[in-house]
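Here's start-v4.cif, which has mmCIF, C-alpha atoms:
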```
data_final
#
loop_
_atom_site.label_atom_id
_atom_site.label_comp_id
_atom_site.auth_asym_id
_atom_site.auth_seq_id
_atom_site.Cartn_x
_atom_site.Cartn_y
_atom_site.Cartn_z
CA MET A 20 16.59 6.55 14.92
CA LYS A 21 14.59 7.73 11.88
CA HIS A 22 10.87 7.05 12.18
CA PRO A 23 9.52 4.55 9.61
CA LEU A 24 8.36 6.38 6.47
CA ALA A 25 7.88 4.28 3.33
CA LEU A 26 7.11 5.58 -0.16
CA HIS A 27 5.19 3.38 -2.60
CA VAL A 28 4.85 4.49 -6.21
CA ARG A 29 2.23 2.83 -8.42
CA ARG A 30 3.60 2.20 -11.93
CA PRO A 31 1.86 1.30 -14.22
CA LYS A 32 -1.88 0.67 -13.80
CA HIS A 33 -2.08 -2.82 -12.35
CA ALA A 34 -4.15 -4.35 -9.57
CA ALA A 35 -1.02 -5.63 -7.82
CA GLN A 36 0.05 -2.05 -7.19
CA GLY A 37 -2.83 -1.44 -4.80
CA LEU A 38 -2.18 -4.74 -3.06
CA SER A 39 1.49 -3.85 -2.52
CA ALA A 40 0.67 -0.61 -0.73
CA SER A 41 -1.89 -2.40 1.46
CA LEU A 42 0.60 -5.17 2.16
CA ILE A 43 3.24 -2.69 3.32
CA HIS A 44 0.76 -0.82 5.51
CA SER A 45 -0.62 -4.05 6.98
CA GLN A 46 2.83 -4.81 8.37
CA MET A 47 4.16 -1.33 9.17
CA GLY A 48 0.93 0.10 10.53
CA GLY A 49 0.53 3.78 11.32
CA LEU A 50 -0.84 6.42 8.97
CA ARG A 51 -1.45 5.85 5.26
CA VAL A 52 -1.18 8.94 3.05
CA SER A 53 -2.66 8.49 -0.42
CA ILE A 54 -1.84 10.99 -3.17
CA GLU A 55 -4.47 10.90 -5.90
CA SER A 56 -5.68 13.05 -8.77
CA ARG A 57 -8.92 13.73 -6.90
CA ALA A 58 -10.52 12.87 -3.58
CA ARG A 59 -12.58 9.73 -3.19
CA ALA A 60 -15.16 8.88 -0.53
CA PRO A 61 -15.73 7.20 1.81
CA ASN A 62 -12.32 7.55 3.44
CA PRO A 63 -11.27 4.71 5.76
CA PRO A 64 -9.94 5.65 9.20
CA GLY A 65 -6.16 5.78 9.31
CA THR A 66 -5.96 7.15 5.76
CA LEU A 67 -5.46 10.73 4.60
CA ARG A 68 -6.03 11.50 0.93
CA PHE A 69 -4.45 14.48 -0.83
CA ARG A 70 -4.78 15.79 -4.35
CA VAL A 71 -1.73 16.23 -6.53
CA ASP A 72 -1.77 20.00 -5.89
CA GLN A 73 -1.38 19.35 -2.13
CA LEU A 74 1.96 17.53 -2.17
CA GLU A 75 3.58 19.80 0.41
CA GLU A 76 0.74 19.30 2.87
CA ALA A 77 0.80 15.55 2.19
CA HIS A 78 4.50 15.32 2.96
CA VAL A 79 4.14 17.39 6.12
CA ALA A 80 1.46 14.99 7.37
CA ALA A 81 3.53 11.92 6.45
CA ALA A 82 6.88 13.11 7.78
CA SER A 83 5.40 14.28 11.09
CA SER A 84 3.64 10.97 11.75
CA SER A 85 5.29 8.38 13.99
CA ARG A 86 5.12 5.88 11.12
CA CYS A 87 3.56 6.22 7.69
CA VAL A 88 3.16 4.70 4.24
CA VAL A 89 2.87 7.20 1.36
CA ASP A 90 1.06 5.72 -1.64
CA VAL A 91 1.41 7.76 -4.86
CA ALA A 92 -1.08 7.04 -7.64
CA GLU A 93 0.15 6.39 -11.16
CA ASP A 94 -1.14 9.67 -12.56
CA CYS A 95 0.52 11.66 -9.75
CA TRP A 96 4.01 10.21 -9.57
CA ARG A 97 5.68 12.62 -12.01
CA ALA A 98 4.36 15.60 -10.04
CA PHE A 99 5.64 13.92 -6.88
CA VAL A 100 9.11 13.53 -8.41
CA ARG A 101 9.09 17.24 -9.33
CA PHE A 102 8.21 18.01 -5.72
CA LEU A 103 11.22 15.98 -4.55
CA ARG A 104 13.48 17.86 -6.96
CA ASP A 105 12.11 21.24 -5.85
CA CYS A 106 12.85 20.38 -2.20
CA PRO A 107 16.42 18.99 -2.16
CA GLY A 108 17.02 16.63 0.75
CA THR A 109 13.38 15.59 1.07
CA THR A 110 14.17 12.09 -0.20
CA SER A 111 16.23 11.53 2.96
CA ASP A 112 13.00 11.64 5.00
CA PHE A 113 12.04 8.24 3.59
CA THR A 114 13.21 4.97 5.09
CA ALA A 115 12.55 3.21 1.79
CA CYS A 116 11.02 3.68 -1.65
CA VAL A 117 9.09 0.66 -2.91
CA LEU A 118 8.22 -0.05 -6.54
CA THR A 119 6.10 -2.97 -7.72
CA THR A 120 6.63 -4.76 -11.01
CA THR A 121 5.20 -7.76 -12.86
CA PRO A 122 6.78 -10.02 -15.51
CA ASP A 123 5.06 -7.96 -18.20
CA GLU A 124 7.71 -6.07 -20.20
CA LEU A 125 5.73 -2.81 -20.06
CA SER A 126 5.55 -3.10 -16.28
CA GLN A 127 9.30 -3.73 -16.04
CA THR A 128 10.07 -0.79 -18.34
CA SER A 129 7.80 1.51 -16.33
CA THR A 130 9.48 0.40 -13.11
CA ILE A 131 12.90 1.15 -14.60
CA ASP A 132 11.75 4.62 -15.72
CA ALA A 133 10.35 5.38 -12.27
CA ALA A 134 13.54 4.19 -10.55
CA ASN A 135 15.71 6.36 -12.80
CA GLU A 136 13.62 9.46 -12.08
CA LEU A 137 13.54 8.82 -8.35
CA LEU A 138 17.30 8.32 -8.26
CA ALA A 139 17.78 11.54 -10.22
CA ALA A 140 15.55 13.31 -7.67
CA GLY A 141 17.90 12.28 -4.86
CA MET A 142 16.73 8.83 -3.76
CA LEU A 143 19.72 6.61 -2.87
CA PRO A 144 20.16 3.08 -4.23
CA ALA A 145 20.10 1.78 -0.64
CA GLN A 146 16.58 3.22 -0.23
CA MET A 147 15.16 1.40 -3.25
CA ARG A 148 13.04 -1.72 -2.82
CA ILE A 149 11.20 -3.76 -5.46
CA ILE A 150 8.27 -6.13 -5.03
CA TYR A 151 8.12 -8.75 -7.78
CA ALA A 152 4.37 -9.32 -8.14
CA ASP A 153 2.62 -12.10 -10.08
CA ALA A 154 5.88 -14.07 -10.09
CA PRO A 155 5.59 -17.44 -11.87
CA ARG A 156 6.53 -20.16 -9.40
CA GLU A 157 8.40 -22.22 -11.99
CA ARG A 158 10.85 -19.44 -12.95
CA LEU A 159 13.55 -17.56 -11.05
CA PRO A 160 13.05 -13.78 -10.70
CA GLN A 161 16.24 -13.20 -12.69
CA THR A 162 14.67 -14.84 -15.74
CA ALA A 163 11.03 -13.83 -15.22
CA TYR A 164 12.07 -10.18 -14.81
CA GLY A 165 14.99 -10.14 -17.22
CA LEU A 166 14.84 -6.45 -18.19
CA LEU A 167 14.72 -5.34 -14.59
CA ALA A 168 17.50 -7.73 -13.58
CA GLN A 169 19.83 -6.13 -16.14
CA PHE A 170 18.94 -2.65 -14.94
CA ILE A 171 19.55 -3.58 -11.29
CA GLU A 172 22.97 -4.96 -12.17
CA GLN A 173 23.91 -1.91 -14.24
CA ARG A 174 22.82 0.61 -11.59
CA ALA A 175 24.15 -1.44 -8.66
CA LEU A 176 20.73 -1.44 -7.02
CA LEU A 177 19.57 -3.83 -4.30
CA LYS A 178 23.08 -5.21 -3.69
CA HIS A 179 22.32 -4.92 0.02
CA ARG A 180 19.34 -7.30 -0.41
CA ARG A 181 20.08 -11.01 -0.23
CA THR A 182 16.80 -12.08 -1.82
CA GLY A 183 14.01 -10.38 -3.74
CA ALA A 184 10.55 -9.63 -2.36
CA VAL A 185 8.63 -12.10 -4.53
CA LEU A 186 4.83 -12.13 -4.47
CA SER A 187 3.99 -15.34 -6.33
CA ASP A 188 1.08 -15.68 -8.71
CA ALA A 189 -1.74 -17.35 -6.75
CA PRO A 190 -5.57 -17.27 -6.71
CA ALA A 191 -5.50 -15.88 -3.16
CA PHE A 192 -3.49 -12.83 -4.24
CA SER A 193 -5.81 -12.27 -7.19
CA ARG A 194 -8.72 -12.17 -4.73
CA LEU A 195 -6.82 -9.84 -2.41
CA GLN A 196 -6.18 -7.40 -5.24
CA ARG A 197 -9.95 -6.85 -5.34
CA ASP A 198 -10.62 -7.07 -1.59
CA HIS A 199 -7.74 -5.78 0.54
CA GLY A 200 -9.30 -2.95 2.55
CA GLN A 201 -9.10 -4.85 5.86
CA LEU A 202 -5.90 -6.76 5.21
CA GLY A 203 -4.08 -5.50 8.30
CA ASP A 204 -6.95 -6.13 10.72
CA LEU A 205 -7.32 -9.69 9.44
CA LEU A 206 -3.60 -10.47 9.57
CA HIS A 207 -3.24 -9.13 13.11
CA GLY A 208 -6.40 -10.74 14.47
CA ALA A 209 -8.27 -7.46 15.07
CA LEU A 210 -11.11 -8.86 12.95
CA ASP A 211 -12.59 -12.35 13.04
CA PHE A 212 -15.47 -12.85 10.62
CA GLU A 213 -15.79 -16.52 11.64
CA LEU A 214 -16.74 -15.34 15.13
CA GLU A 215 -19.04 -12.63 13.76
CA LEU A 216 -20.80 -15.23 11.61
CA GLU A 217 -21.45 -17.48 14.61
CA ARG A 218 -22.75 -14.54 16.62
CA ALA A 219 -25.06 -13.51 13.77
CA ARG A 220 -26.43 -17.05 13.48
CA SER A 221 -27.07 -17.18 17.22
CA ALA A 222 -28.84 -13.82 17.06
CA GLY A 223 -31.11 -15.04 14.26
CA ALA A 224 -29.76 -12.74 11.52
CA ASP A 225 -31.50 -12.80 8.16
CA GLU A 226 -30.21 -14.88 5.27
CA ALA A 227 -28.84 -11.91 3.29
CA SER A 228 -26.70 -10.81 6.25
CA LEU A 229 -25.41 -14.34 6.77
CA ARG A 230 -24.46 -14.62 3.10
CA GLU A 231 -22.52 -11.35 3.24
CA LEU A 232 -20.67 -12.50 6.36
CA MET A 233 -19.90 -15.84 4.71
CA ARG A 234 -18.25 -13.99 1.83
CA LYS A 235 -16.11 -12.13 4.36
CA VAL A 236 -15.24 -15.42 6.05
CA LEU A 237 -13.95 -16.79 2.72
CA SER A 238 -11.83 -13.66 2.21
CA GLN A 239 -10.47 -14.02 5.74
CA ARG A 240 -9.49 -17.63 5.10
CA MET A 241 -7.70 -16.63 1.91
CA VAL A 242 -5.79 -13.90 3.75
CA LEU A 243 -4.72 -16.22 6.55
CA GLY A 244 -3.77 -18.86 3.98
CA VAL A 245 -1.13 -16.56 2.46
CA ALA A 246 -0.11 -14.80 5.68
CA GLY A 247 3.22 -16.63 5.66
CA ASP A 248 3.96 -15.53 2.09
CA ILE A 249 3.06 -11.92 2.94
CA GLY A 250 5.38 -12.03 5.95
CA LYS A 251 8.26 -13.33 3.82
CA VAL A 252 7.78 -10.57 1.26
CA PHE A 253 7.81 -7.91 3.96
CA ASP A 254 10.86 -9.41 5.67
CA THR A 255 12.89 -9.11 2.47
CA LEU A 256 12.12 -5.40 2.00
CA PRO A 257 12.91 -4.98 5.05
CA LEU A 258 10.91 -2.39 7.00
CA PRO A 259 10.00 -2.02 10.68
CA ARG A 260 7.04 -4.21 11.59
CA MET A 261 4.25 -3.22 13.97
CA PRO A 262 3.61 -5.99 16.55
CA SER A 263 0.16 -7.57 16.30
CA SER A 264 -0.55 -6.69 19.94
CA VAL A 265 0.03 -2.99 19.20
CA TRP A 266 -2.13 -3.14 16.05
CA ARG A 267 -4.99 -4.78 17.97
CA GLU A 268 -4.66 -2.24 20.77
CA GLU A 269 -4.92 0.69 18.33
CA ALA A 270 -7.80 -0.99 16.51
CA GLY A 271 -9.61 -1.55 19.81
CA ARG A 272 -9.35 2.13 20.75
CA CYS A 273 -11.08 3.05 17.49
CA ALA A 274 -13.63 0.21 17.42
CA ALA A 275 -16.79 2.20 18.25
CA PRO A 276 -19.21 2.63 16.61
CA ARG A 277 -17.91 0.24 13.91
CA GLN A 278 -16.18 -2.98 14.95
CA ASP A 279 -14.23 -3.28 11.70
CA ARG A 280 -12.52 0.12 11.71
CA LEU A 281 -8.81 0.41 11.19
CA PRO A 282 -6.77 2.54 13.62
CA SER A 283 -7.41 6.27 13.18
CA THR A 284 -4.13 8.15 13.07
CA GLY A 285 -5.12 11.67 12.10
CA PRO A 286 -7.87 14.01 11.02
CA ARG A 287 -10.27 12.80 8.37
CA SER A 288 -9.17 13.52 4.83
CA GLU A 289 -12.44 15.35 4.14
CA GLU A 290 -11.07 18.07 6.42
CA ARG A 291 -8.00 18.40 4.22
CA ILE A 292 -9.39 18.01 0.70
CA PRO A 293 -11.96 20.58 -0.42
CA PRO A 294 -14.77 19.18 -2.61
CA THR A 295 -14.24 19.45 -6.33
CA ARG A 296 -16.51 21.38 -8.69
CA GLU A 297 -18.20 18.16 -9.77
CA GLU A 298 -18.95 17.15 -6.19
CA ASN A 299 -20.74 20.27 -4.96
CA GLY A 300 -21.29 22.45 -7.99
CA THR A 301 -18.80 25.11 -6.89
CA ALA A 302 -15.16 25.64 -7.53
CA PRO A 303 -12.80 24.35 -4.81
CA SER A 304 -11.34 27.00 -2.56
CA MET A 305 -7.69 27.75 -3.16
#
```
Encoding of this model in C-alpha cells:
Amino acid sequence: MKHPLALHVRRPKHAAQGLSASLIHSQMGGLRVSIESRARAPNPPGTLRFRVDQLEEAHVAAASSSRCVVDVAEDCWRAFVRFLRDCPGTTSDFTACVLTTTPDELSQTSTIDAANELLAAGMLPAQMRIIYADAPRERLPQTAYGLLAQFIEQRALLKHRRTGAVLSDAPAFSRLQRDHGQLGDLLHGALDFELELERARSAGADEASLRELMRKVLSQRMVLGVAGDIGKVFDTLPLPRMPSSVWREEAGRCAAPRQDRLPSTGPRSEERIPPTREENGTAPSM
C-alpha cells in the first residue's frame, strides 16, 4: 500500500490556504514539508522547510517519510510544477493533490489554472481534491463556486467524490486562519490549555501569564467547537487519518523540554537550509 503523501498548493494569497494545509496535517499527522521562497525561523518540530531551489531534496524527504504533507507556497508552485515535469512519474508518488479555493472569482480562476498545470505535469484527475473555503452557508457549492463547477464538469474531475470538502464561513475559522500552529495537538488532546490555566493559578502565576493562557484557552475552545466540521471536511477528501492515540503518543515522546511541541519527524530544517545573505551577511553556500 502506498504511504500517505499529500500535496497542498497555495493559490492565490489567502489566509484560508494556510489553514487548509494545517487542517490536512492535523488529521494525517507525520512530517510536514514546506516549500517557501526563503527560510523562516523559528521552525516548529515536525516541519522541514526548503527553499525553491531545493525541490529535489524536499521531495526526497517527503517521499521517504512514512506519511507527509507537502505544502507549496504561492510563489513557489510554478517552479514545483516544472520539477514535476522534469521528473516524469513523480506525480505518482502523491496520494492526493489538494487545492483550496474561495467564492472569489480570482481565487476560482487561480485554482483552475493550477489544476490545469498540475494535470499537464502528470497528476491524474483521481488524485485531485478541492477544499471549498469560506463557503456561504446559504448557498450550494455549485452556485457559490460557479466557475470551478463548470471546470470540474468539463474536465471530469472529482467524479469519484460524492460530496465536496466544504469549509463554511464562520468566526471560528477566521480565528484559526491567524492561530493554527497547534491545531493538531488541540484536536487530538495532546494539549489542554484549560488544565494548564488551572495549574498556573494554583502555582500563583502572575497576571500576565494567566492572561496569555486565557487567550490560548479561548483558541482551544474555538478549535474544539469546529472539530466536527474539520472532521467532515477531511473525510470527504479522503485521506488516511492518524488515530488520536498515536498522535498523543508521538507528541508525548517529544514533550521535553516544551510541553506544547508537535511530534518531531526529522532533522531540523536549519540543518537543511543554509542562511541567506540577509541573515548572516554572507552568501549562502551552494
Taking (21.8, 0.7, -8.4) as a centre in this file's frame and 9 Å as the limit, can you find every polymer residue with an atom that close, using all atoms listed in the file, and give them as JSON, numbers by chain?
{"A": [138, 143, 144, 145, 147, 170, 171, 172, 173, 174, 175, 176, 177, 178]}
Sorted by chain and rising residue number, which residues of stretch 111-152 of chain A lie within 12 Å of stretch 37-43 of chain A, and what are their closest atom pairs and distances in Å to one decimal, counting only C-alpha atoms, as CSV?
```
residue,atom,partner,partner_atom,distance
A:Ala115,CA,A:Ile43,CA,11.1
A:Cys116,CA,A:Ile43,CA,11.2
A:Val117,CA,A:Ala40,CA,8.8
A:Leu118,CA,A:Ser39,CA,8.7
A:Thr119,CA,A:Ser39,CA,7.0
A:Thr120,CA,A:Ser39,CA,10.0
A:Thr121,CA,A:Ser39,CA,11.7
A:Arg148,CA,A:Ile43,CA,11.6
A:Ile149,CA,A:Ser39,CA,10.1
A:Ile150,CA,A:Ser39,CA,7.6
A:Tyr151,CA,A:Ser39,CA,9.8
A:Ala152,CA,A:Ser39,CA,8.4
```
Output check: residues returned by the PyMOL selection byres ((chain A and resi 56) around 9), as a PyMOL selection string
chain A and resi 54-55+57-58+69-72+92+94-95
Using only C-alpha atoms for the distances, tell me which of A:Asp132, A:Pro257, A:Ser111, A:Leu195 is nearest to A:Gly183.
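Under the stated criterion, the closest residue is A:Pro257.
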Can you spell out as an NGL selection string the set of residues that the PyMOL selection byres ((chain A and resi 213) around 9) selects in the structure I just provided?
:A and (211-212 or 214-218 or 232-233 or 235-236 or 239)
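Between atom CA of A:Phe102 and atom CA of A:Ala81 the separation is 14.4 Å.
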The PyMOL selection byres ((chain A and resi 131) around 10) on the file shown: which residues, as number ranges by chain?
A: 30, 118, 120, 125-130, 132-137, 166-167, 170-171
Excluding A:Ala80 and residues on its chain fewer than 2 positions from it, collect all residues at most 10 Å away from it, counting only C-alpha atoms, and give them as a PyMOL selection string.
chain A and resi 50-52+67+74-78+82-84+87+89+285
